[in-house]
file structure-v2.cif (mmCIF, C-alpha atoms)
data_model
loop_
_atom_site.label_atom_id
_atom_site.label_comp_id
_atom_site.auth_asym_id
_atom_site.auth_seq_id
_atom_site.Cartn_x
_atom_site.Cartn_y
_atom_site.Cartn_z
CA MET A 1 66.85 -74.42 19.15
CA THR A 2 70.02 -73.80 17.27
CA ASP A 3 68.07 -73.03 14.08
CA LYS A 4 65.83 -70.57 15.89
CA LYS A 5 68.79 -68.81 17.42
CA SER A 6 70.43 -68.49 14.00
CA GLU A 7 67.24 -67.05 12.48
CA ILE A 8 66.86 -64.57 15.29
CA THR A 9 70.47 -63.48 14.87
CA GLN A 10 70.04 -63.08 11.05
CA ALA A 11 66.83 -61.15 11.55
CA ALA A 12 68.54 -58.85 13.99
CA GLN A 13 71.38 -58.21 11.53
CA THR A 14 69.05 -57.58 8.60
CA GLY A 15 66.56 -55.61 10.63
CA ALA A 16 63.64 -57.97 9.93
CA PRO A 17 61.46 -59.18 12.75
CA ALA A 18 62.14 -62.58 14.05
CA ALA A 19 59.73 -65.38 13.15
CA SER A 20 57.56 -66.54 15.86
CA SER A 21 57.97 -69.99 17.15
CA SER A 22 54.34 -70.76 17.25
CA PRO A 23 53.57 -71.22 13.57
CA GLY A 24 54.13 -74.49 11.82
CA PRO A 25 57.09 -75.56 9.87
CA ALA A 26 55.79 -74.39 6.51
CA THR A 27 55.59 -70.78 7.68
CA SER A 28 59.01 -70.74 9.31
CA ALA A 29 60.62 -72.06 6.19
CA THR A 30 59.33 -69.26 3.87
CA ALA A 31 59.88 -66.29 6.30
CA PRO A 32 63.47 -65.42 5.47
CA LYS A 33 62.70 -65.13 1.79
CA LYS A 34 59.91 -62.63 2.40
CA THR A 35 61.69 -60.23 4.96
CA ALA A 36 64.84 -59.46 2.98
CA PRO A 37 63.21 -57.24 0.31
CA ALA A 38 61.11 -55.54 2.92
CA ALA A 39 64.23 -54.69 4.88
CA ARG A 40 65.84 -53.27 1.78
CA ARG A 41 62.75 -51.22 1.00
CA GLN A 42 62.68 -50.00 4.57
CA ARG A 43 66.34 -49.02 4.38
CA SER A 44 65.74 -47.22 1.09
CA MET A 45 62.87 -45.27 2.69
CA LEU A 46 64.83 -44.43 5.85
CA LEU A 47 67.83 -42.98 3.96
CA PRO A 48 65.99 -39.98 2.35
CA ALA A 49 64.24 -39.33 5.64
CA PHE A 50 67.59 -39.34 7.36
CA ILE A 51 69.02 -37.00 4.70
CA VAL A 52 66.02 -34.67 5.03
CA LEU A 53 66.43 -34.81 8.78
CA LEU A 54 70.11 -33.90 8.41
CA VAL A 55 69.23 -31.02 6.04
CA ILE A 56 66.59 -29.78 8.46
CA VAL A 57 69.01 -29.99 11.35
CA ALA A 58 71.68 -28.16 9.28
CA ALA A 59 69.16 -25.50 8.25
CA LEU A 60 68.06 -25.05 11.83
CA GLY A 61 71.68 -24.81 12.93
CA ALA A 62 72.47 -22.22 10.20
CA PHE A 63 69.36 -20.23 11.09
CA ALA A 64 70.26 -20.35 14.77
CA TRP A 65 73.84 -19.24 13.98
CA ASN A 66 72.58 -16.42 11.73
CA GLN A 67 70.14 -15.30 14.42
CA LYS A 68 72.93 -15.31 16.98
CA ARG A 69 75.15 -13.29 14.62
CA LEU A 70 72.36 -10.75 13.99
CA PHE A 71 71.69 -10.57 17.70
CA ASP A 72 75.36 -9.89 18.40
CA GLU A 73 75.52 -7.19 15.70
CA THR A 74 72.33 -5.60 17.00
CA ARG A 75 73.70 -5.68 20.52
CA GLN A 76 76.95 -4.04 19.38
CA ASN A 77 75.07 -1.36 17.43
CA LEU A 78 72.86 -0.66 20.39
CA ALA A 79 75.91 -0.43 22.65
CA SER A 80 77.69 1.99 20.26
CA GLN A 81 74.52 4.10 19.91
CA ALA A 82 74.11 4.16 23.65
CA GLN A 83 77.74 5.25 24.04
CA SER A 84 77.40 8.00 21.40
CA SER A 85 74.14 9.13 22.99
CA ALA A 86 75.88 9.28 26.36
CA SER A 87 78.74 11.37 24.88
CA ALA A 88 76.20 13.66 23.14
CA VAL A 89 74.34 14.04 26.42
CA ASP A 90 77.61 14.91 28.15
CA GLN A 91 78.41 17.52 25.49
CA ALA A 92 74.88 18.92 25.72
CA VAL A 93 75.19 19.13 29.49
CA GLU A 94 78.55 20.90 29.16
CA GLN A 95 77.15 23.35 26.59
CA ALA A 96 74.11 23.93 28.77
CA GLN A 97 76.40 24.73 31.70
CA GLN A 98 78.43 27.13 29.54
CA ALA A 99 75.23 28.79 28.29
CA LEU A 100 73.97 29.03 31.84
CA SER A 101 77.22 30.64 33.01
CA LEU A 102 77.16 33.04 30.03
CA ALA A 103 73.53 33.94 30.75
CA GLN A 104 74.37 34.56 34.38
CA GLU A 105 77.29 36.76 33.38
CA GLN A 106 75.10 38.66 30.91
CA SER A 107 72.44 39.10 33.56
CA ARG A 108 75.07 40.51 35.92
CA LYS A 109 76.28 42.91 33.24
CA ILE A 110 72.72 43.94 32.44
CA ALA A 111 72.08 44.54 36.12
CA SER A 112 75.25 46.68 36.37
CA LEU A 113 74.27 48.59 33.24
CA GLU A 114 70.80 49.19 34.59
CA SER A 115 72.25 50.48 37.82
CA ALA A 116 74.63 52.76 35.86
CA LEU A 117 71.72 53.94 33.73
CA ARG A 118 69.70 54.74 36.83
CA GLU A 119 72.63 56.65 38.27
CA SER A 120 73.06 58.55 35.00
CA ARG A 121 69.36 59.39 34.95
CA ASP A 122 69.55 60.58 38.51
CA GLN A 123 72.56 62.73 37.69
CA ALA A 124 70.86 64.10 34.57
CA ASP A 125 67.75 64.90 36.58
CA SER A 126 69.83 66.64 39.24
CA LEU A 127 71.73 68.60 36.58
CA GLU A 128 68.50 69.56 34.88
CA GLN A 129 67.05 70.72 38.17
CA ALA A 130 70.22 72.66 38.92
CA PHE A 131 70.14 74.25 35.47
CA GLN A 132 66.50 75.18 35.85
CA THR A 133 67.23 76.60 39.27
CA LEU A 134 70.15 78.56 37.88
CA THR A 135 68.39 79.89 34.78
CA ASP A 136 64.80 80.26 35.90
CA SER A 137 64.77 81.12 39.58
CA GLY A 138 68.41 82.04 40.11
CA SER A 139 70.68 84.82 38.92
CA ASP A 140 70.46 86.44 35.47
CA LEU A 141 74.22 86.73 35.24
CA VAL A 142 74.62 83.57 33.12
CA LEU A 143 72.09 84.81 30.58
CA ILE A 144 73.75 88.22 30.50
CA ASN A 145 77.13 86.60 29.86
CA ASP A 146 75.72 84.53 26.99
CA VAL A 147 74.15 87.58 25.39
CA ASP A 148 77.38 89.52 25.90
CA HIS A 149 79.33 86.79 24.11
CA LEU A 150 76.97 86.84 21.11
CA VAL A 151 76.98 90.65 20.89
CA THR A 152 80.79 90.66 21.07
CA ILE A 153 80.92 88.19 18.17
CA ALA A 154 78.65 90.48 16.14
CA GLN A 155 80.93 93.46 16.91
CA GLN A 156 84.01 91.52 15.80
CA GLN A 157 82.34 90.46 12.56
CA LEU A 158 81.52 94.09 11.78
CA GLN A 159 84.92 95.53 12.67
CA LEU A 160 87.26 92.85 11.29
CA SER A 161 85.57 91.54 8.16
CA GLY A 162 82.52 93.78 7.71
CA ASN A 163 80.29 90.72 7.52
CA VAL A 164 76.84 92.08 8.27
CA ALA A 165 75.11 88.73 7.72
CA ASN A 166 77.08 86.98 10.50
CA ALA A 167 76.52 89.93 12.83
CA VAL A 168 72.77 89.77 12.19
CA ILE A 169 72.78 86.03 12.93
CA SER A 170 74.56 86.58 16.27
CA LEU A 171 72.15 89.32 17.33
CA GLU A 172 69.15 87.21 16.30
CA THR A 173 70.47 84.36 18.46
CA ALA A 174 70.84 86.71 21.45
CA GLN A 175 67.35 88.07 20.84
CA ALA A 176 65.92 84.52 20.76
CA GLN A 177 67.59 83.64 24.08
CA LEU A 178 66.15 86.73 25.74
CA ALA A 179 62.70 85.98 24.31
CA ARG A 180 62.82 82.38 25.64
CA ALA A 181 63.97 83.54 29.08
CA ASN A 182 61.11 86.07 29.31
CA ARG A 183 62.75 88.13 32.07
CA PRO A 184 61.07 91.48 32.73
CA ALA A 185 64.34 92.79 34.17
CA LEU A 186 66.04 92.28 30.78
CA ALA A 187 63.35 93.98 28.70
CA SER A 188 65.49 97.09 28.19
CA LEU A 189 68.41 94.99 26.91
CA GLN A 190 66.12 93.19 24.49
CA GLN A 191 64.82 96.51 23.14
CA THR A 192 68.37 97.79 22.66
CA ILE A 193 69.38 94.66 20.75
CA ASN A 194 66.28 94.97 18.57
CA GLY A 195 67.31 98.53 17.68
CA ASP A 196 70.84 97.49 16.71
CA LEU A 197 69.43 94.59 14.73
CA ASP A 198 67.12 96.88 12.74
CA ARG A 199 70.04 99.20 11.91
CA LEU A 200 72.13 96.28 10.68
CA ARG A 201 69.33 94.98 8.50
CA ALA A 202 68.87 98.42 6.92
CA ALA A 203 72.61 98.99 6.29
CA SER A 204 73.92 99.04 2.72
CA THR A 205 76.56 96.41 2.04
CA ILE A 206 79.06 95.59 -0.69
CA ASP A 207 78.42 92.69 -3.04
CA THR A 208 81.76 90.99 -2.50
CA ALA A 209 80.89 87.99 -4.67
CA MET A 210 80.02 90.15 -7.70
CA LEU A 211 83.17 92.27 -7.38
CA SER A 212 85.32 89.15 -7.02
CA GLY A 213 83.77 87.70 -10.16
CA GLN A 214 84.48 90.92 -12.08
CA LEU A 215 88.11 90.85 -10.89
CA GLU A 216 88.50 87.27 -12.12
CA GLU A 217 87.01 88.18 -15.50
CA LEU A 218 89.32 91.20 -15.71
CA GLY A 219 92.34 88.99 -14.94
CA ASN A 220 91.40 86.62 -17.78
CA LEU A 221 90.99 89.53 -20.20
CA LEU A 222 94.35 91.02 -19.16
CA GLY A 223 96.03 87.72 -19.96
CA GLU A 224 94.41 87.37 -23.40
CA ALA A 225 93.95 90.94 -24.70
CA PRO A 226 96.57 92.17 -27.23
CA LEU A 227 99.14 94.79 -26.30
CA LEU A 228 100.27 97.65 -28.56
CA VAL A 229 103.30 95.54 -29.44
CA PRO A 230 102.40 91.96 -30.41
CA ASP A 231 103.78 89.36 -28.03
CA ASP A 232 103.62 85.61 -27.61
CA ALA A 233 100.46 85.75 -25.51
CA ALA A 234 98.29 87.71 -27.98
CA PRO A 235 99.92 88.47 -31.38
CA GLU A 236 98.50 91.22 -33.52
CA PRO A 237 95.96 89.93 -36.05
CA VAL A 238 96.56 90.58 -39.74
CA PRO A 239 93.51 92.03 -41.57
CA ALA A 240 93.73 89.53 -44.47
CA PRO A 241 90.00 89.04 -45.27
CA GLN A 242 89.42 92.71 -46.19
CA GLU A 243 92.41 92.86 -48.57
CA SER A 244 91.51 89.59 -50.26
CA ALA A 245 88.03 90.88 -50.87
CA SER A 246 89.37 94.09 -52.40
CA GLY A 247 91.76 92.09 -54.61
CA ALA A 248 88.92 89.92 -55.83
CA GLY A 249 86.96 93.03 -56.70
CA THR A 250 89.78 94.46 -58.79
CA GLY A 251 90.25 91.15 -60.58
CA ASP A 252 86.62 91.02 -61.57
CA GLY A 253 86.73 94.61 -62.81
CA GLY A 254 89.83 94.04 -64.97
CA HIS A 255 88.60 90.92 -66.73
CA ALA A 256 88.87 91.29 -70.52
CA ASP A 257 85.95 90.85 -72.90
CA PRO A 258 86.37 87.63 -74.96
CA ASP A 259 84.76 89.32 -78.02
CA ALA A 260 87.21 92.27 -77.98
CA PRO A 261 90.20 92.41 -80.28
CA TRP A 262 93.44 90.79 -79.29
CA TRP A 263 95.22 94.03 -78.55
CA LYS A 264 92.46 95.11 -76.16
CA GLN A 265 92.61 91.74 -74.37
CA GLY A 266 96.40 92.13 -74.05
CA MET A 267 96.05 95.64 -72.61
CA ALA A 268 93.41 94.41 -70.10
CA THR A 269 95.64 91.54 -69.01
CA ALA A 270 98.62 93.86 -68.54
CA GLU A 271 96.48 96.28 -66.55
CA GLN A 272 95.21 93.42 -64.32
CA TRP A 273 98.78 92.22 -63.72
CA SER A 274 99.97 95.69 -62.80
CA ARG A 275 97.10 96.18 -60.33
CA SER A 276 97.71 92.83 -58.57
CA ALA A 277 101.45 93.58 -58.36
CA TRP A 278 100.81 97.01 -56.86
CA SER A 279 98.34 95.59 -54.29
CA ALA A 280 100.84 92.90 -53.25
CA ILE A 281 103.66 95.45 -52.89
CA SER A 282 101.47 97.86 -50.90
CA ARG A 283 100.29 95.03 -48.60
CA ASP A 284 103.87 93.92 -47.93
CA LEU A 285 105.04 97.47 -47.26
CA GLY A 286 102.04 98.06 -44.95
CA GLN A 287 103.19 95.21 -42.71
CA PHE A 288 106.58 96.88 -42.18
CA ILE A 289 105.38 100.44 -41.53
CA THR A 290 102.41 101.39 -39.27
CA VAL A 291 101.42 104.80 -38.00
CA ARG A 292 99.89 105.05 -34.49
CA ARG A 293 99.42 107.69 -31.86
CA VAL A 294 100.72 106.43 -28.51
CA ASP A 295 100.89 108.48 -25.32
CA ASP A 296 103.58 106.27 -23.71
CA ALA A 297 106.50 105.73 -26.08
CA THR A 298 107.94 102.92 -23.93
CA ALA A 299 104.88 100.79 -24.71
CA LEU A 300 106.25 100.17 -28.22
CA LEU A 301 109.68 99.06 -26.95
CA MET A 302 108.54 96.03 -24.94
CA SER A 303 110.02 92.65 -25.76
CA PRO A 304 107.96 89.43 -25.55
CA ASP A 305 109.60 88.57 -22.20
CA GLN A 306 108.79 92.01 -20.83
CA ALA A 307 105.21 91.67 -22.08
CA THR A 308 104.87 88.34 -20.25
CA ARG A 309 106.19 89.84 -17.00
CA PHE A 310 103.92 92.86 -17.50
CA ARG A 311 100.87 90.61 -17.77
CA GLU A 312 101.96 88.66 -14.66
CA THR A 313 102.36 91.93 -12.74
CA LEU A 314 98.88 93.03 -13.70
CA ARG A 315 97.51 89.66 -12.60
CA LEU A 316 99.17 90.06 -9.19
CA ARG A 317 97.72 93.55 -8.88
CA GLY A 318 94.27 92.10 -9.54
CA MET A 319 94.81 89.56 -6.75
CA THR A 320 95.94 92.38 -4.44
CA ALA A 321 92.78 94.32 -5.24
CA GLN A 322 90.69 91.24 -4.45
CA LEU A 323 92.50 90.81 -1.12
CA ALA A 324 91.90 94.50 -0.34
CA LEU A 325 88.22 93.95 -1.10
CA LEU A 326 88.03 91.07 1.37
CA MET A 327 90.02 92.93 4.05
CA HIS A 328 88.12 96.22 3.52
CA GLN A 329 91.16 98.31 2.63
CA PRO A 330 89.81 101.17 0.48
CA ARG A 331 93.19 102.82 -0.13
CA VAL A 332 94.76 99.67 -1.53
CA TRP A 333 91.61 99.00 -3.57
CA ASN A 334 91.65 102.46 -5.16
CA ALA A 335 95.39 102.31 -5.90
CA GLU A 336 95.30 98.88 -7.54
CA THR A 337 92.22 99.55 -9.66
CA ALA A 338 93.69 102.87 -10.83
CA VAL A 339 96.88 101.08 -11.93
CA LEU A 340 94.82 98.52 -13.86
CA VAL A 341 92.87 101.26 -15.66
CA LYS A 342 96.05 103.15 -16.55
CA ALA A 343 97.73 99.99 -17.88
CA LEU A 344 94.76 99.22 -20.09
CA GLU A 345 94.65 102.77 -21.44
CA THR A 346 98.40 103.03 -22.19
CA ARG A 347 99.77 99.55 -22.95
CA TYR A 348 96.91 97.65 -24.62
CA ASP A 349 95.57 97.98 -28.15
CA PRO A 350 92.33 99.98 -27.98
CA ARG A 351 91.12 98.53 -31.30
CA SER A 352 90.54 95.10 -29.72
CA GLN A 353 87.13 94.16 -28.36
CA GLN A 354 88.72 92.39 -25.40
CA VAL A 355 90.63 95.52 -24.43
CA ARG A 356 87.47 97.63 -24.56
CA GLN A 357 85.61 95.08 -22.40
CA ALA A 358 88.49 94.93 -19.88
CA LEU A 359 88.70 98.72 -19.74
CA LYS A 360 84.96 98.95 -19.07
CA ILE A 361 85.17 96.46 -16.17
CA ALA A 362 88.28 98.16 -14.73
CA ARG A 363 86.61 101.59 -14.73
CA GLN A 364 83.50 100.16 -13.03
CA LEU A 365 85.68 98.61 -10.34
CA ALA A 366 87.61 101.83 -9.86
CA ASP A 367 84.37 103.79 -9.44
CA THR A 368 83.00 101.34 -6.84
CA PRO A 369 83.73 102.47 -3.26
CA ILE A 370 84.33 99.80 -0.62
CA ASP A 371 84.65 102.06 2.42
CA VAL A 372 80.99 101.76 3.41
CA LYS A 373 80.31 102.85 6.98
CA LEU A 374 78.64 100.01 8.84
CA PRO A 375 76.61 100.48 12.03
CA THR A 376 77.95 99.14 15.32
CA VAL A 377 76.42 97.38 18.32
CA ASP A 378 77.89 99.70 20.93
CA ASN A 379 74.43 100.39 22.38
CA SER A 380 73.92 96.71 23.19
CA LEU A 381 77.40 96.45 24.74
CA GLN A 382 76.76 99.53 26.90
CA ALA A 383 73.40 98.13 28.05
CA ILE A 384 75.05 94.83 29.01
CA ALA A 385 77.78 96.66 30.93
CA ALA A 386 75.15 98.73 32.78
CA LEU A 387 73.22 95.60 33.75
CA ARG A 388 76.37 93.90 35.00
CA GLU A 389 77.37 96.95 37.09
CA ALA A 390 73.87 97.14 38.58
CA SER A 391 74.03 93.44 39.48
CA ALA A 392 77.42 93.86 41.17
CA ARG A 393 76.28 96.96 43.08
CA GLN A 394 73.12 95.25 44.31
CA ALA A 395 75.11 92.22 45.43
CA GLU A 396 77.52 94.43 47.37
CA GLU A 397 74.66 96.30 49.04
CA GLY A 398 73.02 93.02 50.06
CA ALA A 399 76.28 91.72 51.53
CA ILE A 400 76.86 94.93 53.54
CA ALA A 401 73.25 95.15 54.84
CA ALA A 402 73.21 91.60 56.29
CA PRO A 403 76.77 90.44 57.00
CA GLY A 404 75.82 87.79 59.59
CA GLN A 405 72.71 86.41 57.88
CA PRO A 406 72.82 83.72 55.22
CA ALA A 407 72.16 84.60 51.62
CA ALA A 408 69.07 82.34 51.38
CA PRO A 409 66.47 85.09 51.98
CA GLN A 410 68.08 87.15 49.21
CA ALA A 411 67.79 84.35 46.66
CA GLU A 412 64.31 85.45 45.60
CA PRO A 413 64.14 88.75 43.67
CA ASP A 414 61.68 91.38 44.76
CA ALA A 415 58.88 91.84 42.27
CA GLY A 416 58.41 95.48 43.19
CA ASN A 417 62.07 96.41 42.76
CA SER A 418 62.67 94.39 39.58
CA GLN A 419 62.36 97.46 37.38
CA ALA A 420 64.58 99.58 39.56
CA ASP A 421 67.38 97.00 39.76
CA PRO A 422 67.31 94.92 36.56
CA ALA A 423 69.09 91.54 36.45
CA ALA A 424 70.08 91.63 40.14
CA PRO A 425 71.71 88.34 41.21
CA GLN A 426 70.66 88.19 44.88
CA ALA A 427 71.74 84.53 45.16
CA GLU A 428 75.39 85.29 44.48
CA PRO A 429 77.78 87.24 46.69
CA ALA A 430 79.57 90.37 45.63
CA THR A 431 82.77 88.53 44.87
CA ASP A 432 81.05 86.24 42.36
CA ALA A 433 79.42 89.12 40.55
CA ALA A 434 82.67 91.01 40.44
CA THR A 435 84.44 87.94 39.11
CA GLY A 436 81.85 87.45 36.36
CA ALA A 437 82.11 91.12 35.39
CA SER A 438 85.88 91.01 35.23
CA ALA A 439 85.81 87.76 33.25
CA SER A 440 83.51 89.20 30.61
CA GLN A 441 85.36 92.48 30.22
CA PRO A 442 87.84 91.15 27.61
CA GLN A 443 84.96 90.03 25.44
CA GLY A 444 83.46 93.53 25.41
#
call {"tool": "encode", "arguments": {"input": "structure-v2.cif", "output": "structure tokens"}}
result
Amino acid sequence: MTDKKSEITQAAQTGAPAASSSPGPATSATAPKKTAPAARRQRSMLLPAFIVLLVIVAALGAFAWNQKRLFDETRQNLASQAQSSASAVDQAVEQAQQALSLAQEQSRKIASLESALRESRDQADSLEQAFQTLTDSGSDLVLINDVDHLVTIAQQQLQLSGNVANAVISLETAQAQLARANRPALASLQQTINGDLDRLRAASTIDTAMLSGQLEELGNLLGEAPLLVPDDAAPEPVPAPQESASGAGTGDGGHADPDAPWWKQGMATAEQWSRSAWSAISRDLGQFITVRRVDDATALLMSPDQATRFRETLRLRGMTAQLALLMHQPRVWNAETAVLVKALETRYDPRSQQVRQALKIARQLADTPIDVKLPTVDNSLQAIAALREASARQAEEGAIAAPGQPAAPQAEPDAGNSQADPAAPQAEPATDAATGASASQPQG
């Protein structure tokens, strides 16, 4: 029993199975020798399995930890994205509210503008209706006043500046207004304006632009043309080319023949020298002494400073003549042009081409009259005054005939009496017509 217990205990320590008690003694004696290597082999096989098991457990633990870490990171990312999306949604909601408030404000402004536009259209329509009522079916006094204003402008253009072109434009404008109105009561006024317009178109005018250009050219010539006494502005030219040519001719004529004897060559040389000396002396003496016929002796006594002031005075006289041309002052024009002609004839050198050209222009200007009689538009002004007086008289008669009745029945003109009483403003009282007549009197 003791031996069996010791074998069982050794087998338990070594990990080998205990020997059974049933076999015989030979088997129990050889069992311990056979189980020890098997236990060692079993232990050697269990150790790698245990190591593999530990590696697998470690790998599973690492994988589980990595998965947990990835899950945590993913959860954090999703939380941050959700938070940013929530903030973006809040911003979008705020912007949408701002856009909605701005759109509402714009819609209110558009509504107010539309209402203002409708009011403006209504006012424009009412004004257009009132204007049509006033011009078409109402009084002719407004049209008469407009025509009177245009005719007065034409009269002022003719009297102040003599501008026929502007006067024609004013009368053409008045004629166009009467033609558009197409009032039978104003047919006589239109015929009168047509007559004045034809007279203005047929009137002879002065070419102010051409005369001004001639005055400018004359001023330039007066500043450059030579005087009788040479000055700093235009000194007297010396006729050198003609004398040099004559000297060359004498030199060629006195040339000695090379085949002649020596004494003849000497005589020819002496003769040539004497001729050149005489020509030089005569040329020098001719520069000191000149003989001229001058009507004004003071013209030869002018100094260079006096010549400069004289030219400046003539230039100012040319400007005065141009101003007289623009202002239609014939007396000043004639006086200034006569002074220019006299100055050119007495103080300038008539041998110069510039002086002859300036004298020609000055005489043409002096012979050009600027006091051309222009037609007037008095007939049109008288016709307008007659129409205004007839309108005032008819308004007074209407007010006296029906003092207690309203003026509405008189608003419509009578077709049968339109020729007898032209441009009668039945819709206006006598005071209005009188006021309009008095207001337009200063223009006439």
call {"tool": "resolve_selection", "arguments": {"input": "structure-v2.cif", "expression": "the PyMOL selection byres ((chain A and resi 306-314) around 7)", "output": "PDB file with C-alpha atoms, in the coordinates of the input"}}
result
ATOM      1  CA  LEU A 222      94.350  91.020 -19.160  1.00  0.00           C
ATOM      2  CA  GLY A 223      96.030  87.720 -19.960  1.00  0.00           C
ATOM      3  CA  ASP A 231     103.780  89.360 -28.030  1.00  0.00           C
ATOM      4  CA  MET A 302     108.540  96.030 -24.940  1.00  0.00           C
ATOM      5  CA  SER A 303     110.020  92.650 -25.760  1.00  0.00           C
ATOM      6  CA  PRO A 304     107.960  89.430 -25.550  1.00  0.00           C
ATOM      7  CA  ASP A 305     109.600  88.570 -22.200  1.00  0.00           C
ATOM      8  CA  ARG A 315      97.510  89.660 -12.600  1.00  0.00           C
ATOM      9  CA  LEU A 316      99.170  90.060  -9.190  1.00  0.00           C
ATOM     10  CA  ARG A 317      97.720  93.550  -8.880  1.00  0.00           C
ATOM     11  CA  GLY A 318      94.270  92.100  -9.540  1.00  0.00           C
ATOM     12  CA  LEU A 340      94.820  98.520 -13.860  1.00  0.00           C
TER      13      LEU A 340
END
call {"tool": "atom_distance", "arguments": {"input": "structure-v2.cif", "atom1": "CA of Val339 in chain A", "atom2": "CA of Leu158 in chain A"}}
result
29.1 Å
call {"tool": "closest_residue", "arguments": {"input": "structure-v2.cif", "among": "A:Leu78, A:Arg331, A:Leu186, A:Ile153", "to": "Ser391 in chain A", "atoms": "only C-alpha atoms"}}
result
A:Leu186
call {"tool": "atom_distance", "arguments": {"input": "structure-v2.cif", "atom1": "CA of Asn166 in chain A", "atom2": "CA of Ser212 in chain A"}}
result
19.5 Å
call {"tool": "atom_distance", "arguments": {"input": "structure-v2.cif", "atom1": "CA of Leu200 in chain A", "atom2": "CA of Gln159 in chain A"}}
result
13.0 Å
call {"tool": "residues_around", "arguments": {"input": "structure-v2.cif", "residues": "range 350-367 of chain A", "least_positions_apart": "3", "cutoff": "7 Å", "atoms": "all atoms listed in the file", "output": "list in words"}}
result
Gln214, Leu218, Leu221, Ala225, Asn334, Thr337, Ala338, Leu340, Val341 and Leu344 of chain A
call {"tool": "write_last_selection", "arguments": {"input": "structure-v2.cif", "atoms": "C-alpha atoms", "output": "CSV table (one decimal), keeping the file's coordinate frame"}}
result
chain,number,residue,atom,x,y,z
A,214,GLN,CA,84.5,90.9,-12.1
A,218,LEU,CA,89.3,91.2,-15.7
A,221,LEU,CA,91.0,89.5,-20.2
A,225,ALA,CA,94.0,90.9,-24.7
A,334,ASN,CA,91.6,102.5,-5.2
A,337,THR,CA,92.2,99.6,-9.7
A,338,ALA,CA,93.7,102.9,-10.8
A,340,LEU,CA,94.8,98.5,-13.9
A,341,VAL,CA,92.9,101.3,-15.7
A,344,LEU,CA,94.8,99.2,-20.1
call {"tool": "closest_residue", "arguments": {"input": "structure-v2.cif", "among": "A:Met267, A:Leu141, A:Val147, A:Ala154", "to": "Ala176 in chain A", "atoms": "all atoms listed in the file"}}
result
A:Val147
call {"tool": "resolve_selection", "arguments": {"input": "structure-v2.cif", "expression": "the PyMOL selection byres ((chain A and resi 373) around 12)", "output": "list in words"}}
result
Leu158, Gln159, Gly162, Val164, Arg199, Leu200, Ala203, Ser204, Thr205, Ile206, His328, Pro330, Pro369, Ile370, Asp371, Val372, Leu374, Pro375 and Thr376 of chain A
call {"tool": "closest_residue", "arguments": {"input": "structure-v2.cif", "among": "A:Val229, A:Ala174, A:Leu117, A:Ala187", "to": "His149 in chain A", "atoms": "all atoms listed in the file"}}
result
A:Ala174
call {"tool": "resolve_selection", "arguments": {"input": "structure-v2.cif", "expression": "the PyMOL selection byres ((chain A and resi 383) around 12)", "output": "number ranges by chain"}}
result
A: 144, 147-148, 151, 186-193, 196, 377-382, 384-390, 422-423, 444
call {"tool": "closest_residue", "arguments": {"input": "structure-v2.cif", "among": "A:Ala39, A:Leu127, A:Leu160, A:Leu150", "to": "Gln175 in chain A", "atoms": "all atoms listed in the file"}}
result
A:Leu150
